[in-house]
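Student: Quick one: this structure, given as structure tokens, is what I'll be asking you about.
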Amino acid sequence: MAVDVILGLQWGDEGKGKIVDCLAEEYDIITRFQGGPNAGHTLKFGGNKFVLHTVPSGIFREGQINLIGNGVVIDPITLHKEILKLESANIDYQDRLLVSQKTHLILPTHRWLDAAAEAAKGKAKIGSTLKGIGPTYMDKTGRNGLRVGDLAHDNFKQKYESLKAKHLTLLKLYPEIDFDLKEQEEQWFTYLSRLRNMKKVSGEYYINEALSQGKKVLAEGAQGSMLDVDFGTYPFVTSSNTIASGVCNGLGVAPSKIGEVIGITKAYCTRVGSGPFPTELEDETGEYLRMEGGEFGATTGRPRRCGWIDIPQLKYTIMLNGVTQLVMTKIDVLNKLERIKAATTYTYDNQKTNVLPYDLNTVDITPEYTSFPGWKKSLDGIEQFEQLPAEARQYIKAMEEHLNVPIKMVSTGPERVKLIRR
């Protein structure tokens with residue numbers, strides 16, 4: 001068997017959590033392979049809303065195993081709060097939520113460093129979620145990090161204090177900010193009990209053994225492909241590899257073990273925080289998309305920047321990920337619009353092209369748009385693609401032709417049941 005992958009093709013917030021939840025019944029194991037509590041995957045069903053930051057989105061399906069892979073970084077405080085919500089919803093997770101021993105831990109001083117470094121940037125802020133993600137990955141690559149497996153070692157506290165001392169030295173380089181380290185440490189060590197009691201596995205052996213037994217595995221990406229540390233809009237990116245290649249390092253599987261790559265795009269486009277955004281709408285239409293789509297960050301609550309769908313950008317991330325099928329979400333947000341636009345080409349350096357420049361931050365890009373008629377009606381109750389208004393079908397088929405990848409699913413609302421499968 002192979003590992004199928006679900007990931008976002010834009011700047012995150014594409015609706016990955018809902019799609020993972022909807023597909024989870026078809027798999028034996030759902031995994032997270034990168035990122036941390038900077039992710040916010042929102043699920044709605046049974047009149048309830050859940051936001052997951054670390055736990056894979058398959059946890060609400062009975063019987064499925066959910067694995068937090070070694071490429072993820074965990075904050076014990078965030079994980080504790082997340083699990084409390086699972087318990088309040090009577091979700092039986094104890095035997096179904098596993099964590100790789102090689103998963104790195106976010107310390108309170110990682111979050112302090114994150115906040116101090118971002119504050120020091122002033123107007124040059126990159127829009128960090130201030131969850132300590134970047135400093136944790138820096139310690140990981142700097143070979144200083146603490147891992148889940150270290151909890152079993154007698155010298156865990158010594159390792160913690162050593163890393164904390166390093167952070168306190170680094171913090172002297174930044175202006176002082178308000179951070180109650182004592183309070184945060186007390187919570188952190190209290191909530192470590194959650195991790196100590198969780199089932200821990202050698203993630204790479206666990207996944208490969210499952211595949212050899214014919215188990216079906218789904219890898220759930222966090223953030224979006226345009227936030228990839230190597231191929232995104234650097235430096236306005238996250239600290240991990242958000243594209244399909246990140247699955248190999250984040251779970252410990254060979255490239256030959258990757259199967260279907262399911263790419264998710266909104267019917268328009270959004271971005272949180274700073275950084276380039278070629279199709280951004282800073283007008284009434286952009287505000288309409290924000291309000292109609294509820295475009296406020298699930299993790300930070302920040303308003304998202306909104307714009308039209310961007311074909312050159314999507315072609316780029318489809319290429320990077322080897323996408324085999326597409327999911328279009330939030331098409332219902334466009335229900336009331338007279339006209340809908342899609343950026344089909346770019347013009348920069350006096351040339352028309354579909355190729356993204358080396359650095360979107362420094363190039364003056366003018367998107368060229370194709371306009372489509374709106375359908376001006378609700379999509380509630382529609383269960384089949386053929387039942388969609390002709391104008392909606394026209395828009396979806398045009399996107400398929402431009403992207404040369406089939407759109408296999410169309411989400412018509414946030415609830416679990418509002419998903420058209422082709």
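Naming scheme: A, B, ... for chains in displayed order of the structure tokens; residues 1 onward per chain; ligands 1 onward as shown.
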Looking only at helix (DSSP H, G or I) from DSSP on the backbone, list the matching residues of region 269-408 of chain A as a PyMOL selection string.

Tutor: chain A and resi 284-292+311-321+331-334+385-387+390-403

Student: With a distance cut-off of 9 Å and only C-alpha atoms, select the neighbouring residues of Pro255 (chain A), excluding the residue or stretch itself and same-chain residues fewer than 4 positions from it, and output the selection as a count of residues only.

Tutor: 3

Student: Nearest to Leu130 (chain A): which of A:Gly273, A:Asp13, A:Ser240, A:Phe60 is it, counting only C-alpha atoms?

Tutor: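 Answer, going by the shortest atom-to-atom distance: A:Gly273.
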
Student: Excluding Glu183 (chain A) and residues on its chain fewer than 4 positions from it, collect all residues at most 12 Å away from it, counting only C-alpha atoms, and give them as a JSON list (two decimals) with C-alpha atoms, in the first residue's frame.

Tutor:
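Result saved to around03.json:
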```json
[["chain", "number", "residue", "atom", "x", "y", "z"],
["A", 77, "ILE", "CA", -0.02, 23.17, 26.77],
["A", 108, "PRO", "CA", 7.91, 27.97, 26.88],
["A", 109, "THR", "CA", 11.15, 29.78, 26.01],
["A", 179, "PHE", "CA", 6.26, 37.06, 29.17],
["A", 187, "GLN", "CA", 1.60, 24.79, 33.01],
["A", 188, "TRP", "CA", 4.11, 23.15, 30.68],
["A", 189, "PHE", "CA", 5.39, 20.65, 33.23],
["A", 190, "THR", "CA", 1.88, 19.96, 34.53]]
```

Student: For Thr362 (chain A), which residue among A:Ser100, A:Asn197, A:Gln158, A:Thr233 is the nearest when counting only C-alpha atoms?

Tutor: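 Smallest distance to Thr362 (chain A) is found for A:Thr233.
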
Student: Choose the residue, out of A:Leu192, A:Leu43, A:Val323, A:Gly413, that has the smallest atom-to-atom separation from Gly259 (chain A); count only C-alpha atoms.

Tutor: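 Nearest to Gly259 (chain A): A:Val323.
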
Student: Show me, as JSON lines, the residues of region 162-245 of chain A having an atom within 9 Å of region 131-145 of chain A, each with the closest atom pair and its distance in Å, using only C-alpha atoms.

Tutor:
```
{"residue": "A:Leu163", "atom": "CA", "partner": "A:Asn144", "partner_atom": "CA", "distance": 7.0}
{"residue": "A:Thr238", "atom": "CA", "partner": "A:Gly134", "partner_atom": "CA", "distance": 7.4}
{"residue": "A:Ser239", "atom": "CA", "partner": "A:Gly134", "partner_atom": "CA", "distance": 5.4}
{"residue": "A:Ser240", "atom": "CA", "partner": "A:Tyr137", "partner_atom": "CA", "distance": 7.6}
```

Student: I need the residues from that last selection saved to file as a PDB file, in the first residue's frame (with N, CA and C atoms), if you can.

Tutor:
```pdb
ATOM      1  N   LEU A 163      18.708  23.664  27.574  1.00  0.00           N
ATOM      2  CA  LEU A 163      18.125  24.350  26.419  1.00  0.00           C
ATOM      3  C   LEU A 163      17.503  25.680  26.840  1.00  0.00           C
ATOM      4  N   THR A 238       6.460  29.388   6.606  1.00  0.00           N
ATOM      5  CA  THR A 238       6.561  28.671   7.862  1.00  0.00           C
ATOM      6  C   THR A 238       7.935  28.011   7.946  1.00  0.00           C
ATOM      7  N   SER A 239       8.180  27.215   8.969  1.00  0.00           N
ATOM      8  CA  SER A 239       9.523  26.679   9.213  1.00  0.00           C
ATOM      9  C   SER A 239       9.673  25.214   8.820  1.00  0.00           C
ATOM     10  N   SER A 240       8.686  24.677   8.118  1.00  0.00           N
ATOM     11  CA  SER A 240       8.744  23.270   7.728  1.00  0.00           C
ATOM     12  C   SER A 240       8.428  23.134   6.249  1.00  0.00           C
TER      13      SER A 240
END
```

Student: For Gly250 (chain A), which residue out of A:Lys330, A:Arg61, A:His402, A:Lys102 is the nearest one, using only C-alpha atoms?

Tutor: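 Among the listed residues, the smallest separation from Gly250 (chain A) belongs to A:Lys102.
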
Student: Need to verify the contact set: Ser371 (chain A), 10 Å, only C-alpha atoms, exclusion of same-chain residues closer than 4 positions in sequence. Can you return it as a PDB file with N, CA and C atoms, in the first residue's frame?

Tutor:
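Result written to around.pdb:
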```pdb
ATOM      1  N   ARG A 339     -20.179  38.506 -11.011  1.00  0.00           N
ATOM      2  CA  ARG A 339     -19.059  38.039 -11.824  1.00  0.00           C
ATOM      3  C   ARG A 339     -17.975  37.487 -10.910  1.00  0.00           C
ATOM      4  N   ILE A 340     -17.283  36.480 -11.391  1.00  0.00           N
ATOM      5  CA  ILE A 340     -16.198  35.830 -10.657  1.00  0.00           C
ATOM      6  C   ILE A 340     -14.974  35.856 -11.548  1.00  0.00           C
ATOM      7  N   LYS A 341     -13.831  36.174 -10.969  1.00  0.00           N
ATOM      8  CA  LYS A 341     -12.619  36.269 -11.770  1.00  0.00           C
ATOM      9  C   LYS A 341     -11.583  35.227 -11.355  1.00  0.00           C
ATOM     10  N   ALA A 342     -10.713  34.910 -12.316  1.00  0.00           N
ATOM     11  CA  ALA A 342      -9.575  34.030 -12.057  1.00  0.00           C
ATOM     12  C   ALA A 342      -8.366  34.617 -12.758  1.00  0.00           C
ATOM     13  N   ALA A 343      -7.258  34.743 -12.029  1.00  0.00           N
ATOM     14  CA  ALA A 343      -6.010  35.197 -12.652  1.00  0.00           C
ATOM     15  C   ALA A 343      -5.444  34.045 -13.479  1.00  0.00           C
ATOM     16  N   THR A 344      -5.334  34.253 -14.786  1.00  0.00           N
ATOM     17  CA  THR A 344      -4.895  33.164 -15.672  1.00  0.00           C
ATOM     18  C   THR A 344      -3.444  33.316 -16.123  1.00  0.00           C
ATOM     19  N   TYR A 395     -17.497  27.249 -14.237  1.00  0.00           N
ATOM     20  CA  TYR A 395     -16.327  27.746 -13.516  1.00  0.00           C
ATOM     21  C   TYR A 395     -15.406  26.597 -13.117  1.00  0.00           C
TER      22      TYR A 395
END
```

Student: If you count only C-alpha atoms, which residues fall within 12 Å of Asn404 (chain A), apart from same-chain ones fewer than 6 positions away, as a PyMOL selection string?

Tutor: chain A and resi 311+314-315+318-319+322-326+396-398

Student: Can I get the selection written as a PDB file, in the first residue's frame, with C-alpha atoms?

Tutor:
```pdb
ATOM      1  CA  ILE A 311      -3.967  29.907 -11.765  1.00  0.00           C
ATOM      2  CA  LEU A 314      -1.794  26.841  -8.436  1.00  0.00           C
ATOM      3  CA  LYS A 315       0.091  25.429 -11.430  1.00  0.00           C
ATOM      4  CA  ILE A 318       0.522  21.355  -8.422  1.00  0.00           C
ATOM      5  CA  MET A 319       3.910  20.853 -10.097  1.00  0.00           C
ATOM      6  CA  GLY A 322       2.715  16.023  -8.106  1.00  0.00           C
ATOM      7  CA  VAL A 323      -1.002  16.528  -7.474  1.00  0.00           C
ATOM      8  CA  THR A 324      -3.171  13.737  -8.890  1.00  0.00           C
ATOM      9  CA  GLN A 325      -6.590  15.141  -7.966  1.00  0.00           C
ATOM     10  CA  LEU A 326      -8.056  18.394  -6.728  1.00  0.00           C
ATOM     11  CA  ILE A 396     -15.181  24.382 -12.138  1.00  0.00           C
ATOM     12  CA  LYS A 397     -14.589  22.904 -15.591  1.00  0.00           C
ATOM     13  CA  ALA A 398     -12.611  25.987 -16.639  1.00  0.00           C
TER      14      ALA A 398
END
```

Student: What's the separation between CA of Gly246 (chain A) and CA of Gly71 (chain A), in Å to one decimal place?

Tutor: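 Between these atoms lies a distance of 8.1 Å.
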
Student: Run DSSP on the backbone and give me the residues of region 118-333 of chain A it puts in strand (DSSP E), as a PyMOL selection string.

Tutor: chain A and resi 199-201+217-220+258-266+269-271+305-307+309-310+325-329

Student: Keeping only N, CA and C atoms, write those residues as a short mmCIF file (atom, residue, chain, number, x, y, z; two decimals), in the first residue's frame.

Tutor:
```cif
data_model
loop_
_atom_site.label_atom_id
_atom_site.label_comp_id
_atom_site.auth_asym_id
_atom_site.auth_seq_id
_atom_site.Cartn_x
_atom_site.Cartn_y
_atom_site.Cartn_z
N LYS A 199 0.29 6.96 24.01
CA LYS A 199 0.98 5.83 23.39
C LYS A 199 2.06 6.36 22.45
N LYS A 200 3.29 5.96 22.70
CA LYS A 200 4.42 6.42 21.89
C LYS A 200 4.93 5.27 21.03
N VAL A 201 5.31 5.60 19.81
CA VAL A 201 5.77 4.58 18.87
C VAL A 201 7.00 5.08 18.14
N VAL A 217 -3.06 4.53 4.61
CA VAL A 217 -2.57 5.64 5.41
C VAL A 217 -2.85 6.95 4.67
N LEU A 218 -3.35 7.94 5.41
CA LEU A 218 -3.59 9.27 4.87
C LEU A 218 -2.75 10.27 5.65
N ALA A 219 -1.92 11.04 4.94
CA ALA A 219 -1.08 12.06 5.57
C ALA A 219 -1.74 13.41 5.40
N GLU A 220 -1.92 14.10 6.52
CA GLU A 220 -2.62 15.39 6.55
C GLU A 220 -1.63 16.54 6.66
N ILE A 258 4.63 7.09 -1.73
CA ILE A 258 3.60 8.12 -1.85
C ILE A 258 2.62 7.71 -2.96
N GLY A 259 1.32 7.74 -2.64
CA GLY A 259 0.30 7.35 -3.62
C GLY A 259 -0.41 8.56 -4.19
N GLU A 260 -1.71 8.68 -3.92
CA GLU A 260 -2.48 9.82 -4.41
C GLU A 260 -2.06 11.09 -3.66
N VAL A 261 -1.95 12.18 -4.40
CA VAL A 261 -1.70 13.48 -3.79
C VAL A 261 -2.91 14.36 -4.08
N ILE A 262 -3.67 14.63 -3.03
CA ILE A 262 -4.92 15.35 -3.15
C ILE A 262 -4.68 16.80 -2.75
N GLY A 263 -4.73 17.69 -3.73
CA GLY A 263 -4.48 19.11 -3.48
C GLY A 263 -5.77 19.87 -3.28
N ILE A 264 -5.78 20.75 -2.28
CA ILE A 264 -7.00 21.50 -1.95
C ILE A 264 -6.79 22.97 -2.26
N THR A 265 -7.77 23.54 -2.96
CA THR A 265 -7.78 24.97 -3.25
C THR A 265 -9.15 25.54 -2.94
N LYS A 266 -9.18 26.72 -2.39
CA LYS A 266 -10.44 27.43 -2.31
C LYS A 266 -10.88 27.86 -3.71
N CYS A 269 -9.01 32.87 -3.06
CA CYS A 269 -7.71 32.72 -2.42
C CYS A 269 -7.63 33.61 -1.19
N THR A 270 -6.91 33.14 -0.16
CA THR A 270 -6.71 33.94 1.05
C THR A 270 -5.27 33.80 1.54
N ARG A 271 -4.91 34.75 2.38
CA ARG A 271 -3.62 34.68 3.05
C ARG A 271 -3.72 35.39 4.39
N ARG A 305 -6.53 38.08 4.42
CA ARG A 305 -6.56 38.85 3.18
C ARG A 305 -7.21 37.98 2.12
N CYS A 306 -8.01 38.57 1.26
CA CYS A 306 -8.79 37.79 0.29
C CYS A 306 -8.56 38.28 -1.13
N GLY A 307 -8.66 37.36 -2.08
CA GLY A 307 -8.50 37.72 -3.49
C GLY A 307 -9.03 36.63 -4.40
N ILE A 309 -8.94 33.56 -7.24
CA ILE A 309 -8.12 32.36 -7.44
C ILE A 309 -6.99 32.68 -8.42
N ASP A 310 -5.84 32.06 -8.21
CA ASP A 310 -4.61 32.40 -8.93
C ASP A 310 -4.10 31.15 -9.67
N GLN A 325 -5.18 14.74 -7.96
CA GLN A 325 -6.59 15.14 -7.97
C GLN A 325 -6.77 16.37 -7.09
N LEU A 326 -7.82 17.14 -7.41
CA LEU A 326 -8.06 18.39 -6.73
C LEU A 326 -9.36 18.38 -5.96
N VAL A 327 -9.40 19.18 -4.91
CA VAL A 327 -10.62 19.47 -4.16
C VAL A 327 -10.80 20.98 -4.18
N MET A 328 -11.99 21.45 -4.53
CA MET A 328 -12.29 22.88 -4.47
C MET A 328 -13.25 23.12 -3.31
N THR A 329 -12.86 23.99 -2.40
CA THR A 329 -13.68 24.29 -1.23
C THR A 329 -14.24 25.71 -1.31
#
```
